[in-house]
>>> print(open('final16.tsv').read())   # TSV, C-alpha atoms and all ligand atoms
chain	number	residue	atom	x	y	z
A	804	MET	CA	-53.20	10.27	72.75
A	805	SER	CA	-53.74	9.21	76.38
A	806	THR	CA	-51.23	10.18	79.01
A	807	TYR	CA	-50.34	9.30	82.59
A	808	GLN	CA	-48.33	10.91	85.37
A	809	ALA	CA	-44.94	9.50	86.31
A	810	LEU	CA	-41.86	10.35	88.32
A	811	TRP	CA	-39.27	11.06	85.63
A	812	VAL	CA	-35.52	11.02	86.28
A	813	THR	CA	-33.45	12.92	83.75
A	814	GLU	CA	-29.69	13.29	83.33
A	815	THR	CA	-28.95	16.91	82.43
A	816	PRO	CA	-26.07	16.12	83.30
A	817	GLN	CA	-27.07	16.10	87.01
A	818	PHE	CA	-29.83	13.65	87.85
A	819	GLN	CA	-33.12	15.41	88.47
A	820	GLN	CA	-36.51	14.06	89.46
A	821	SER	CA	-39.87	15.59	88.59
A	822	VAL	CA	-43.44	14.48	87.98
A	823	VAL	CA	-44.31	14.71	84.29
A	824	GLU	CA	-47.06	13.72	81.88
A	825	ARG	CA	-46.04	10.70	79.77
A	826	SER	CA	-47.65	9.10	76.76
A	827	MET	CA	-49.18	5.64	77.29
A	828	ASP	CA	-47.55	4.69	73.97
A	829	ASP	CA	-44.15	4.96	75.65
A	830	LEU	CA	-44.86	2.20	78.16
A	831	PRO	CA	-42.80	-0.93	77.43
A	832	GLU	CA	-44.18	-4.08	75.81
A	833	GLY	CA	-45.86	-6.49	78.22
A	834	GLU	CA	-48.90	-8.69	78.68
A	835	VAL	CA	-50.43	-6.80	81.60
A	836	LEU	CA	-51.31	-3.11	81.85
A	837	ILE	CA	-51.80	-2.10	85.50
A	838	ARG	CA	-53.30	1.06	86.93
A	839	VAL	CA	-51.02	1.64	89.93
A	840	ARG	CA	-52.67	2.64	93.23
A	841	TYR	CA	-49.66	2.46	95.55
A	842	SER	CA	-45.92	2.14	95.32
A	843	SER	CA	-43.32	2.39	98.06
A	844	LEU	CA	-39.85	3.80	98.51
A	845	ASN	CA	-36.97	1.35	98.77
A	846	TYR	CA	-33.23	2.02	98.98
A	847	LYS	CA	-32.85	0.73	95.42
A	848	ASP	CA	-35.29	3.40	94.18
A	849	ALA	CA	-33.15	6.08	95.77
A	850	LEU	CA	-30.12	4.65	93.95
A	851	SER	CA	-31.99	4.50	90.62
A	852	ALA	CA	-33.34	8.04	91.02
A	853	THR	CA	-29.86	9.42	91.57
A	854	GLY	CA	-28.17	7.73	88.62
A	855	ASN	CA	-26.65	4.56	90.06
A	856	ARG	CA	-25.80	2.57	86.89
A	857	GLY	CA	-25.69	-0.68	88.85
A	858	VAL	CA	-29.45	-0.30	89.23
A	859	THR	CA	-30.49	1.65	86.11
A	860	ARG	CA	-28.31	1.76	83.01
A	861	THR	CA	-30.09	4.37	80.90
A	862	PHE	CA	-31.97	7.59	81.58
A	863	PRO	CA	-34.51	9.17	81.45
A	864	HIS	CA	-36.27	6.64	83.60
A	865	THR	CA	-39.17	6.05	86.01
A	866	PRO	CA	-38.06	4.30	89.25
A	867	GLY	CA	-40.22	2.17	91.54
A	868	ILE	CA	-39.41	-1.49	92.24
A	869	ASP	CA	-42.83	-1.92	93.90
A	870	ALA	CA	-46.36	-1.47	92.55
A	871	ALA	CA	-49.84	-2.52	93.63
A	872	GLY	CA	-52.88	-1.77	91.53
A	873	VAL	CA	-55.67	-2.96	89.29
A	874	VAL	CA	-55.29	-4.78	85.96
A	875	GLU	CA	-56.64	-2.60	83.19
A	876	HIS	CA	-55.80	-4.90	80.31
A	877	SER	CA	-54.35	-8.40	80.10
A	878	SER	CA	-53.51	-10.64	77.17
A	879	VAL	CA	-53.16	-13.77	79.34
A	880	ALA	CA	-55.99	-15.96	80.62
A	881	GLU	CA	-54.77	-16.06	84.25
A	882	LEU	CA	-55.23	-12.31	84.75
A	883	ALA	CA	-58.30	-10.26	83.88
A	884	ALA	CA	-59.25	-6.58	83.92
A	885	GLY	CA	-60.26	-5.64	87.46
A	886	ASP	CA	-57.91	-8.07	89.23
A	887	GLU	CA	-56.00	-6.47	92.10
A	888	VAL	CA	-52.33	-7.33	91.81
A	889	ILE	CA	-48.85	-6.83	93.28
A	890	VAL	CA	-45.59	-6.54	91.35
A	891	THR	CA	-42.23	-6.39	93.12
A	892	GLY	CA	-38.70	-6.87	91.87
A	893	TYR	CA	-37.54	-8.57	88.67
A	894	ASP	CA	-36.68	-5.67	86.36
A	895	LEU	CA	-39.46	-3.34	87.55
A	896	GLY	CA	-38.03	0.11	88.29
A	897	MET	CA	-34.54	-0.98	87.25
A	898	ASN	CA	-34.47	-0.90	83.44
A	899	THR	CA	-38.24	-1.26	83.03
A	900	TYR	CA	-40.32	1.82	83.90
A	901	GLY	CA	-41.38	1.33	87.51
A	902	GLY	CA	-44.16	1.82	89.99
A	903	MET	CA	-43.73	5.55	90.67
A	904	ALA	CA	-46.33	6.19	87.99
A	905	GLN	CA	-50.05	5.87	87.33
A	906	TYR	CA	-49.45	2.95	84.96
A	907	ILE	CA	-46.97	0.12	84.43
A	908	ARG	CA	-46.93	-2.52	81.69
A	909	VAL	CA	-45.15	-5.74	82.65
A	910	PRO	CA	-44.82	-9.44	81.76
A	911	ALA	CA	-47.52	-11.63	83.35
A	912	ALA	CA	-44.68	-13.67	84.91
A	913	TRP	CA	-44.00	-10.79	87.34
A	914	VAL	CA	-47.59	-10.41	88.57
A	915	ILE	CA	-49.11	-11.83	91.78
A	916	LYS	CA	-52.82	-11.61	92.59
A	917	ARG	CA	-53.37	-9.72	95.83
A	918	PRO	CA	-53.91	-12.24	98.65
A	919	ALA	CA	-57.38	-11.87	100.20
A	920	GLY	CA	-55.94	-10.95	103.61
A	921	LEU	CA	-54.01	-7.88	102.44
A	922	SER	CA	-55.32	-4.65	100.93
A	923	LEU	CA	-53.35	-3.01	98.12
A	924	ARG	CA	-52.29	-0.34	100.62
A	925	GLU	CA	-51.11	-2.93	103.16
A	926	SER	CA	-49.19	-4.79	100.46
A	927	MET	CA	-47.21	-1.66	99.63
A	928	ILE	CA	-46.56	-0.74	103.26
A	929	LEU	CA	-44.75	-4.08	103.23
A	930	GLY	CA	-43.44	-3.81	99.65
A	931	THR	CA	-40.03	-5.24	98.76
A	932	ALA	CA	-38.75	-4.30	102.22
A	933	GLY	CA	-41.42	-6.40	103.95
A	934	LEU	CA	-41.03	-9.28	101.55
A	935	THR	CA	-37.27	-9.25	102.14
A	936	ALA	CA	-37.62	-9.06	105.93
A	937	ALA	CA	-39.99	-12.04	105.79
A	938	LEU	CA	-37.60	-14.00	103.54
A	939	CYS	CA	-34.75	-13.34	106.00
A	940	VAL	CA	-36.79	-14.55	108.97
A	941	ASP	CA	-38.07	-17.55	107.00
A	942	LYS	CA	-34.48	-18.58	106.12
A	943	LEU	CA	-33.41	-18.25	109.76
A	944	LEU	CA	-36.33	-20.41	110.89
A	945	ARG	CA	-35.54	-23.04	108.26
A	946	ALA	CA	-31.94	-23.05	109.52
A	947	GLY	CA	-33.22	-23.97	112.98
A	948	LEU	CA	-33.57	-20.65	114.81
A	949	THR	CA	-35.88	-20.85	117.82
A	950	ALA	CA	-37.09	-18.19	120.24
A	951	GLU	CA	-35.51	-20.11	123.12
A	952	ALA	CA	-32.03	-19.93	121.54
A	953	GLY	CA	-31.47	-16.28	122.45
A	954	SER	CA	-31.54	-12.81	120.97
A	955	VAL	CA	-31.79	-12.02	117.24
A	956	LEU	CA	-29.73	-9.05	116.05
A	957	VAL	CA	-31.29	-6.74	113.43
A	958	THR	CA	-28.93	-4.26	111.72
A	959	GLY	CA	-29.99	-1.10	109.89
A	960	ALA	CA	-32.84	-1.32	112.36
A	961	THR	CA	-34.68	1.94	111.60
A	962	GLY	CA	-34.71	1.23	107.84
A	963	GLY	CA	-37.50	-0.39	105.86
A	964	VAL	CA	-36.26	-3.98	105.97
A	965	GLY	CA	-34.88	-3.65	109.50
A	966	SER	CA	-37.99	-2.13	111.07
A	967	ILE	CA	-40.33	-4.73	109.55
A	968	ALA	CA	-37.94	-7.53	110.58
A	969	ILE	CA	-38.21	-6.29	114.18
A	970	VAL	CA	-42.03	-6.27	114.09
A	971	LEU	CA	-42.13	-9.75	112.52
A	972	LEU	CA	-39.63	-11.24	114.98
A	973	LYS	CA	-41.56	-9.74	117.89
A	974	HIS	CA	-44.78	-11.18	116.41
A	975	LEU	CA	-43.11	-14.61	116.42
A	976	GLY	CA	-42.01	-14.30	120.05
A	977	PHE	CA	-38.32	-13.55	119.56
A	978	HIS	CA	-36.09	-11.38	121.74
A	979	VAL	CA	-34.75	-8.70	119.40
A	980	THR	CA	-31.62	-6.54	119.66
A	981	ALA	CA	-31.65	-3.61	117.23
A	982	VAL	CA	-28.49	-1.94	115.90
A	983	THR	CA	-28.88	1.64	114.79
A	984	GLY	CA	-26.89	4.72	113.89
A	985	LYS	CA	-29.79	6.84	115.16
A	986	ALA	CA	-29.64	6.95	118.96
A	987	GLU	CA	-32.60	9.37	118.92
A	988	GLN	CA	-34.80	6.60	117.47
A	989	THR	CA	-34.28	4.25	120.43
A	990	GLU	CA	-37.84	4.71	121.68
A	991	PHE	CA	-39.25	4.11	118.16
A	992	LEU	CA	-37.31	0.82	117.95
A	993	ARG	CA	-38.50	-0.23	121.40
A	994	GLN	CA	-42.10	0.46	120.41
A	995	LEU	CA	-41.65	-1.71	117.32
A	996	GLY	CA	-40.59	-4.58	119.56
A	997	ALA	CA	-36.82	-4.40	120.14
A	998	GLN	CA	-36.00	-5.27	123.75
A	999	GLU	CA	-32.47	-3.91	123.38
A	1000	VAL	CA	-31.08	-1.14	121.19
A	1001	ILE	CA	-27.34	-0.80	120.64
A	1002	ALA	CA	-25.25	1.80	118.81
A	1003	ARG	CA	-23.81	1.00	115.39
A	1004	GLU	CA	-20.27	1.68	116.71
A	1005	ALA	CA	-20.58	-1.31	119.04
A	1006	LEU	CA	-20.68	-3.51	115.94
A	1007	THR	CA	-17.83	-1.85	114.07
A	1008	SER	CA	-15.01	-2.47	116.58
A	1009	GLY	CA	-13.30	-5.85	116.76
A	1010	THR	CA	-12.68	-6.38	113.05
A	1011	ASP	CA	-9.09	-7.42	113.88
A	1012	LYS	CA	-10.31	-10.39	115.94
A	1013	ALA	CA	-11.09	-13.79	114.37
A	1014	LEU	CA	-13.91	-14.50	116.81
A	1015	LEU	CA	-15.97	-12.38	119.20
A	1016	LYS	CA	-17.99	-13.29	122.28
A	1017	PRO	CA	-20.93	-15.47	121.12
A	1018	GLN	CA	-24.08	-13.40	121.59
A	1019	TRP	CA	-26.67	-13.83	118.86
A	1020	ALA	CA	-28.87	-16.80	118.05
A	1021	GLY	CA	-29.57	-15.22	114.68
A	1022	VAL	CA	-28.93	-12.07	112.65
A	1023	VAL	CA	-30.99	-10.18	110.07
A	1024	ASP	CA	-28.36	-8.06	108.35
A	1025	THR	CA	-29.41	-5.27	106.03
A	1026	VAL	CA	-26.09	-3.38	105.89
A	1027	GLY	CA	-23.15	-5.68	105.03
A	1028	GLY	CA	-19.52	-4.56	105.47
A	1029	ASP	CA	-17.75	-4.74	108.84
A	1030	ILE	CA	-21.04	-4.90	110.74
A	1031	LEU	CA	-21.95	-8.18	109.04
A	1032	PHE	CA	-18.38	-9.46	109.52
A	1033	ASN	CA	-18.56	-8.78	113.26
A	1034	ALA	CA	-22.11	-10.08	113.57
A	1035	VAL	CA	-21.07	-13.43	112.06
A	1036	LYS	CA	-18.16	-13.63	114.52
A	1037	SER	CA	-20.62	-13.00	117.39
A	1038	LEU	CA	-23.07	-15.75	116.45
A	1039	GLN	CA	-23.66	-18.44	119.04
A	1040	TYR	CA	-22.72	-22.01	118.21
A	1041	GLY	CA	-24.87	-23.16	115.24
A	1042	GLY	CA	-26.42	-19.71	114.76
A	1043	SER	CA	-27.30	-18.16	111.41
A	1044	ALA	CA	-27.10	-14.75	109.77
A	1045	ALA	CA	-29.40	-13.79	106.89
A	1046	CYS	CA	-27.66	-11.26	104.67
A	1047	CYS	CA	-29.69	-9.04	102.33
A	1048	GLY	CA	-28.26	-5.51	102.17
A	1049	LEU	CA	-25.31	-3.29	101.51
A	1050	THR	CA	-25.88	0.17	103.02
A	1051	ALA	CA	-22.59	-0.10	104.99
A	1052	GLY	CA	-20.70	-1.57	102.03
A	1053	ILE	CA	-20.46	-4.46	99.63
A	1054	ASP	CA	-17.21	-5.88	100.98
A	1055	PHE	CA	-17.44	-8.70	103.43
A	1056	LYS	CA	-14.19	-9.68	105.10
A	1057	ALA	CA	-14.33	-13.23	106.29
A	1058	SER	CA	-12.45	-15.83	108.28
A	1059	VAL	CA	-13.38	-19.49	108.20
A	1060	LEU	CA	-13.14	-19.72	111.99
A	1061	PRO	CA	-16.77	-18.91	112.92
A	1062	PHE	CA	-17.86	-21.49	110.34
A	1063	ILE	CA	-15.52	-24.30	111.32
A	1064	LEU	CA	-15.34	-23.69	115.09
A	1065	ARG	CA	-18.93	-22.62	115.78
A	1066	GLY	CA	-20.76	-24.20	112.84
A	1067	VAL	CA	-22.51	-20.94	111.95
A	1068	ASN	CA	-24.41	-20.28	108.71
A	1069	LEU	CA	-24.41	-17.29	106.39
A	1070	LEU	CA	-27.64	-17.25	104.39
A	1071	GLY	CA	-28.07	-15.11	101.28
A	1072	VAL	CA	-31.47	-13.53	100.68
A	1073	ASP	CA	-32.73	-12.19	97.35
A	1074	SER	CA	-36.28	-10.94	96.87
A	1075	VAL	CA	-35.80	-9.68	93.32
A	1076	GLU	CA	-35.25	-12.71	91.09
A	1077	LEU	CA	-36.92	-15.14	93.50
A	1078	PRO	CA	-39.28	-17.40	91.47
A	1079	LEU	CA	-42.84	-16.04	91.42
A	1080	VAL	CA	-44.23	-19.14	93.16
A	1081	ASN	CA	-41.95	-18.51	96.16
A	1082	LYS	CA	-42.86	-14.82	96.24
A	1083	ALA	CA	-46.56	-15.71	96.15
A	1084	SER	CA	-46.21	-18.13	99.04
A	1085	MET	CA	-44.43	-15.48	101.14
A	1086	TRP	CA	-47.15	-12.91	100.32
A	1087	ASP	CA	-49.75	-15.49	101.43
A	1088	LYS	CA	-47.91	-15.90	104.72
A	1089	LEU	CA	-47.74	-12.11	105.20
A	1090	SER	CA	-51.51	-11.96	104.66
A	1091	LEU	CA	-52.31	-14.70	107.19
A	1092	GLN	CA	-50.15	-16.05	110.02
A	1093	TRP	CA	-47.50	-13.33	109.55
A	1094	LYS	CA	-49.96	-10.45	109.13
A	1095	LEU	CA	-48.44	-7.43	110.91
A	1096	ASP	CA	-49.75	-4.09	112.09
A	1097	LEU	CA	-47.26	-1.65	110.53
A	1098	GLU	CA	-49.21	1.61	110.85
A	1099	SER	CA	-46.74	2.94	113.43
A	1100	LEU	CA	-43.82	2.79	111.00
A	1101	VAL	CA	-45.39	4.10	107.79
A	1102	LYS	CA	-45.40	7.57	106.32
A	1103	GLU	CA	-47.77	8.14	103.39
A	1104	ILE	CA	-46.75	10.56	100.65
A	1105	SER	CA	-47.84	11.39	97.10
A	1106	LEU	CA	-45.80	11.18	93.91
A	1107	LYS	CA	-44.74	14.83	94.06
A	1108	ASP	CA	-43.20	14.26	97.53
A	1109	VAL	CA	-40.94	11.44	96.33
A	1110	PRO	CA	-37.85	13.58	95.48
A	1111	ASN	CA	-37.72	14.91	99.06
A	1112	ALA	CA	-38.23	11.43	100.47
A	1113	ILE	CA	-35.34	10.14	98.34
A	1114	ALA	CA	-33.05	12.87	99.67
A	1115	THR	CA	-34.04	11.94	103.23
A	1116	MET	CA	-33.35	8.26	102.56
A	1117	LEU	CA	-29.91	8.95	101.06
A	1118	ALA	CA	-29.05	11.18	104.03
A	1119	THR	CA	-29.92	8.09	106.16
A	1120	GLN	CA	-32.58	10.12	107.99
A	1121	GLN	CA	-35.34	7.73	106.88
A	1122	THR	CA	-37.17	5.68	109.48
A	1123	GLY	CA	-39.60	2.86	108.74
A	1124	ARG	CA	-41.48	2.72	105.45
A	1125	THR	CA	-42.60	5.35	102.96
A	1126	LEU	CA	-45.82	4.47	101.15
A	1127	VAL	CA	-46.40	6.31	97.88
A	1128	ARG	CA	-50.06	6.99	97.07
A	1129	ILE	CA	-50.28	7.36	93.33
A	1130	ASP	CA	-53.70	8.97	92.78
B	1	LIG	P1	-33.35	1.96	104.16
B	1	LIG	O1	-32.63	3.09	103.56
B	1	LIG	O2	-34.78	2.09	104.53
B	1	LIG	O3	-32.59	1.46	105.47
B	1	LIG	C1	-31.20	1.28	105.51
B	1	LIG	C2	-30.71	1.48	106.94
B	1	LIG	O4	-29.33	1.09	106.99
B	1	LIG	C3	-30.72	2.92	107.40
B	1	LIG	O5	-31.96	3.35	107.86
B	1	LIG	C4	-29.69	2.89	108.51
B	1	LIG	O6	-30.33	2.36	109.68
B	1	LIG	C5	-28.68	1.84	108.01
B	1	LIG	N1	-27.51	2.46	107.41
B	1	LIG	C6	-27.46	3.45	106.48
B	1	LIG	N2	-26.19	3.76	106.17
B	1	LIG	C7	-25.42	2.96	106.93
B	1	LIG	C8	-24.01	2.80	107.08
B	1	LIG	N3	-23.14	3.54	106.37
B	1	LIG	N4	-23.55	1.88	107.94
B	1	LIG	C9	-24.41	1.11	108.65
B	1	LIG	N5	-25.77	1.21	108.56
B	1	LIG	C10	-26.24	2.13	107.70
B	1	LIG	O7	-33.14	0.73	103.14
B	1	LIG	P2	-34.00	-0.62	103.01
B	1	LIG	O8	-34.38	-1.10	104.36
B	1	LIG	O9	-35.01	-0.46	101.95
B	1	LIG	O10	-32.87	-1.60	102.43
B	1	LIG	C11	-31.81	-2.01	103.27
B	1	LIG	C12	-30.77	-2.74	102.44
B	1	LIG	O11	-31.30	-3.96	101.97
B	1	LIG	C13	-30.32	-1.96	101.20
B	1	LIG	O12	-28.94	-2.18	101.00
B	1	LIG	C14	-31.12	-2.59	100.08
B	1	LIG	O13	-30.48	-2.47	98.84
B	1	LIG	C15	-31.16	-4.04	100.56
B	1	LIG	N6	-32.27	-4.78	100.04
B	1	LIG	C16	-32.01	-5.99	99.49
B	1	LIG	C17	-33.01	-6.78	99.02
B	1	LIG	C18	-32.70	-8.15	98.51
B	1	LIG	O14	-33.54	-8.74	97.84
B	1	LIG	N7	-31.54	-8.70	98.85
B	1	LIG	C19	-34.39	-6.29	98.96
B	1	LIG	C20	-34.60	-5.04	99.68
B	1	LIG	C21	-33.55	-4.31	100.16
B	1	LIG	P3	-29.87	2.79	111.17
B	1	LIG	O15	-29.68	4.29	111.13
B	1	LIG	O16	-30.99	2.36	112.04
B	1	LIG	O17	-28.58	2.08	111.44
>>> encode(input="final16.tsv", output="structure tokens")
Amino acid sequence: MSTYQALWVTETPQFQQSVVERSMDDLPEGEVLIRVRYSSLNYKDALSATGNRGVTRTFPHTPGIDAAGVVEHSSVAELAAGDEVIVTGYDLGMNTYGGMAQYIRVPAAWVIKRPAGLSLRESMILGTAGLTAALCVDKLLRAGLTAEAGSVLVTGATGGVGSIAIVLLKHLGFHVTAVTGKAEQTEFLRQLGAQEVIAREALTSGTDKALLKPQWAGVVDTVGGDILFNAVKSLQYGGSAACCGLTAGIDFKASVLPFILRGVNLLGVDSVELPLVNKASMWDKLSLQWKLDLESLVKEISLKDVPNAIATMLATQQTGRTLVRID
């Protein structure tokens, strides 16, 4: 019986994570068997690995919403053994065993061939966080954001989505204002490309007011809650906020005033269930005109280091991206 190594989360009754040997026979049904080379750590993985039932209903389980690797077996004509591929989102790592393992088996409808301009490693430095940052920026551009309009606010700035959003916006010539709870990371954020760095508290006061001074041409919001509420109230006339995350909370208090007096837009971003064709086109963009140098924000770890990295992420001490090297 052949086996593979995987991060394995058990409920005993506390949730514990360890690297174990698993039988290949226990992989789920699927058309494509992939030998995983890299995964990456996302906030959702930290939730899954610590028993959040909104992400993963049943345990034991292998997290990992991201995987990049080589097809070992395929039962569909479009994919062949040896193809280098990327899988992000859908049910991977949620209720389907995920990318924190040497192998995954998934439906062909989740699989994208690696674009020529990105290595497997580069694709996982981006991972779901990079895809989501790009989708946020793309939505803002489609809503009319221009570099001349003013500063773009990025919340949760030191996190995976936030830090890549800063690098991408800088790459596109935008003035970026980063919001962070980590004053000690100000220099890191400036090096990524933020011209201004402001403290999280500056965005949490003023919730009692219906409108705030118009400041931002656009917002990439990764945190939700009062910070998103205040950011929307601080948009300039006609500005847009792309909303993708919930680290500050899932509640969003709202007033119609910014919408009806300033014509602002609130744009929802989902990278998980996005149709494969749209994901593929965003990956193409990230491999060509939006290709970014992200080496300064990545930390590379191996599978056995993942439990510590999860603890760091949940303690909000994480900065940038954590790449997981599987072999
Ligand atoms: P990270 O953990 O890497 O980053 C989150 C950042 O949020 C932290 O680094 C911190 O940044 C900030 N933060 C943490 N706690 C709080 C708080 N209580 N109040 C305000 N800010 C806080 O996560 P990711 O970047 O991977 O993901 C960010 C969010 O986006 C998550 O909610 C995730 O679920 C969501 N997401 C959604 C996707 C979608 O498709 N819609 C896809 C990917 C992610 P700082 O200290 O700099 O303020």
>>> residues_near_ligand(input="final16.tsv", ligand="ligand LIG 1 (chain B)", cutoff="7 Å", atoms="only C-alpha atoms and all ligand atoms", output="mmCIF file with C-alpha atoms, in the frame of the given file")
data_model
loop_
_atom_site.group_PDB
_atom_site.id
_atom_site.type_symbol
_atom_site.label_atom_id
_atom_site.label_comp_id
_atom_site.auth_asym_id
_atom_site.auth_seq_id
_atom_site.Cartn_x
_atom_site.Cartn_y
_atom_site.Cartn_z
ATOM 1 C CA ASN A 845 -36.970 1.350 98.770
ATOM 2 C CA TYR A 846 -33.230 2.020 98.980
ATOM 3 C CA LYS A 847 -32.850 0.730 95.420
ATOM 4 C CA THR A 931 -40.030 -5.240 98.760
ATOM 5 C CA ALA A 932 -38.750 -4.300 102.220
ATOM 6 C CA THR A 935 -37.270 -9.250 102.140
ATOM 7 C CA THR A 958 -28.930 -4.260 111.720
ATOM 8 C CA GLY A 959 -29.990 -1.100 109.890
ATOM 9 C CA ALA A 960 -32.840 -1.320 112.360
ATOM 10 C CA THR A 961 -34.680 1.940 111.600
ATOM 11 C CA GLY A 962 -34.710 1.230 107.840
ATOM 12 C CA GLY A 963 -37.500 -0.390 105.860
ATOM 13 C CA VAL A 964 -36.260 -3.980 105.970
ATOM 14 C CA GLY A 965 -34.880 -3.650 109.500
ATOM 15 C CA VAL A 982 -28.490 -1.940 115.900
ATOM 16 C CA THR A 983 -28.880 1.640 114.790
ATOM 17 C CA GLY A 984 -26.890 4.720 113.890
ATOM 18 C CA LYS A 985 -29.790 6.840 115.160
ATOM 19 C CA ARG A 1003 -23.810 1.000 115.390
ATOM 20 C CA THR A 1025 -29.410 -5.270 106.030
ATOM 21 C CA VAL A 1026 -26.090 -3.380 105.890
ATOM 22 C CA CYS A 1047 -29.690 -9.040 102.330
ATOM 23 C CA GLY A 1048 -28.260 -5.510 102.170
ATOM 24 C CA LEU A 1049 -25.310 -3.290 101.510
ATOM 25 C CA THR A 1050 -25.880 0.170 103.020
ATOM 26 C CA ALA A 1051 -22.590 -0.100 104.990
ATOM 27 C CA VAL A 1072 -31.470 -13.530 100.680
ATOM 28 C CA ASP A 1073 -32.730 -12.190 97.350
ATOM 29 C CA SER A 1074 -36.280 -10.940 96.870
ATOM 30 C CA VAL A 1075 -35.800 -9.680 93.320
ATOM 31 C CA MET A 1116 -33.350 8.260 102.560
ATOM 32 C CA LEU A 1117 -29.910 8.950 101.060
ATOM 33 C CA THR A 1119 -29.920 8.090 106.160
ATOM 34 C CA GLN A 1120 -32.580 10.120 107.990
ATOM 35 C CA GLN A 1121 -35.340 7.730 106.880
ATOM 36 C CA THR A 1122 -37.170 5.680 109.480
ATOM 37 C CA GLY A 1123 -39.600 2.860 108.740
ATOM 38 C CA ARG A 1124 -41.480 2.720 105.450
#
>>> atom_distance(input="final16.tsv", atom1="atom CA of A:Thr1010", atom2="atom CA of A:Leu956")
17.5 Å
>>> closest_residue(input="final16.tsv", among="A:Ile969, A:Ser843, A:Ile907, A:Thr899", to="A:Phe991", atoms="all atoms listed in the file")
A:Ile969
>>> closest_residue(input="final16.tsv", among="A:Leu975, A:Gln1018, A:Val812, A:Ser842", to="A:Asp941", atoms="all atoms listed in the file")
A:Leu975
>>> closest_residue(input="final16.tsv", among="A:Leu810, A:Leu830, A:Val858, A:Ile1063", to="A:Tyr1040", atoms="only C-alpha atoms")
A:Ile1063
>>> axis_aligned_box(input="final16.tsv", around="stretch 882-893 of chain A", padding_each_side="8 Å", output="AutoDock Vina command-line options")
--center_x -48.9 --center_y -9.0 --center_z 88.6 --size_x 38.7 --size_y 22.7 --size_z 25.4
>>> atom_distance(input="final16.tsv", atom1="atom CA of A:Pro866", atom2="atom CA of A:Leu921")
24.0 Å
>>> residues_around(input="final16.tsv", residues="A:Val1000", least_positions_apart="6", cutoff="7 Å", atoms="all atoms listed in the file", output="short mmCIF file (atom, residue, chain, number, x, y, z; two decimals) with C-alpha atoms, in the frame of the given file")
data_model
loop_
_atom_site.label_atom_id
_atom_site.label_comp_id
_atom_site.auth_asym_id
_atom_site.auth_seq_id
_atom_site.Cartn_x
_atom_site.Cartn_y
_atom_site.Cartn_z
CA THR A 980 -31.62 -6.54 119.66
CA ALA A 981 -31.65 -3.61 117.23
CA VAL A 982 -28.49 -1.94 115.90
CA THR A 989 -34.28 4.25 120.43
#
>>> residues_around(input="final16.tsv", residues="A:Met927", least_positions_apart="4", cutoff="9 Å", atoms="all atoms listed in the file", output="list in words")
Tyr841, Ser842, Ser843, Asp869, Ala870, Ala871, Ile889, Ser922, Leu923, Thr931, Gly933, Leu1126 and Val1127 of chain A
>>> closest_residue(input="final16.tsv", among="A:Val835, A:Asp1029, A:Ala911, A:Gly857", to="A:Ser877", atoms="all atoms listed in the file")
A:Val835
>>> closest_residue(input="final16.tsv", among="A:Ala1083, A:Leu1069, A:Leu992, A:Ala912", to="A:Ala1045", atoms="all atoms listed in the file")
A:Leu1069
>>> atom_distance(input="final16.tsv", atom1="atom CA of A:Ile1104", atom2="atom CA of A:Glu987")
23.1 Å
>>> residues_around(input="final16.tsv", residues="A:Gly1042", least_positions_apart="3", cutoff="9 Å", atoms="all atoms listed in the file", output="list in words")
Leu943, Ala946, Gly947, Leu948, Ala952, Trp1019, Ala1020, Gly1021, Val1022, Val1035, Leu1038, Gln1039, Arg1065, Gly1066, Val1067, Asn1068 and Leu1069 of chain A
>>> decode(input="final16.tsv", residues="stretch 807-815 of chain A", atoms="N, CA and C atoms", output="mmCIF file, in the first residue's frame")
data_model
loop_
_atom_site.group_PDB
_atom_site.id
_atom_site.type_symbol
_atom_site.label_atom_id
_atom_site.label_comp_id
_atom_site.auth_asym_id
_atom_site.auth_seq_id
_atom_site.Cartn_x
_atom_site.Cartn_y
_atom_site.Cartn_z
ATOM 1 N N TYR A 807 1.603 8.606 1.684
ATOM 2 C CA TYR A 807 2.119 9.963 1.467
ATOM 3 C C TYR A 807 2.053 10.714 2.784
ATOM 4 N N GLN A 808 2.838 11.786 2.875
ATOM 5 C CA GLN A 808 2.842 12.587 4.098
ATOM 6 C C GLN A 808 1.829 13.725 3.991
ATOM 7 N N ALA A 809 1.161 13.978 5.099
ATOM 8 C CA ALA A 809 0.148 15.049 5.103
ATOM 9 C C ALA A 809 0.073 15.684 6.478
ATOM 10 N N LEU A 810 -0.285 16.981 6.486
ATOM 11 C CA LEU A 810 -0.646 17.613 7.757
ATOM 12 C C LEU A 810 -2.020 17.057 8.127
ATOM 13 N N TRP A 811 -2.169 16.641 9.375
ATOM 14 C CA TRP A 811 -3.382 15.920 9.774
ATOM 15 C C TRP A 811 -3.929 16.593 11.027
ATOM 16 N N VAL A 812 -5.149 17.112 10.939
ATOM 17 C CA VAL A 812 -5.763 17.805 12.069
ATOM 18 C C VAL A 812 -6.764 16.861 12.718
ATOM 19 N N THR A 813 -6.547 16.596 13.997
ATOM 20 C CA THR A 813 -7.445 15.687 14.712
ATOM 21 C C THR A 813 -8.168 16.450 15.821
ATOM 22 N N GLU A 814 -9.309 15.901 16.230
ATOM 23 C CA GLU A 814 -10.118 16.508 17.290
ATOM 24 C C GLU A 814 -10.117 15.518 18.451
ATOM 25 N N THR A 815 -9.409 15.847 19.551
ATOM 26 C CA THR A 815 -9.177 14.793 20.554
ATOM 27 C C THR A 815 -9.421 15.165 22.029
#
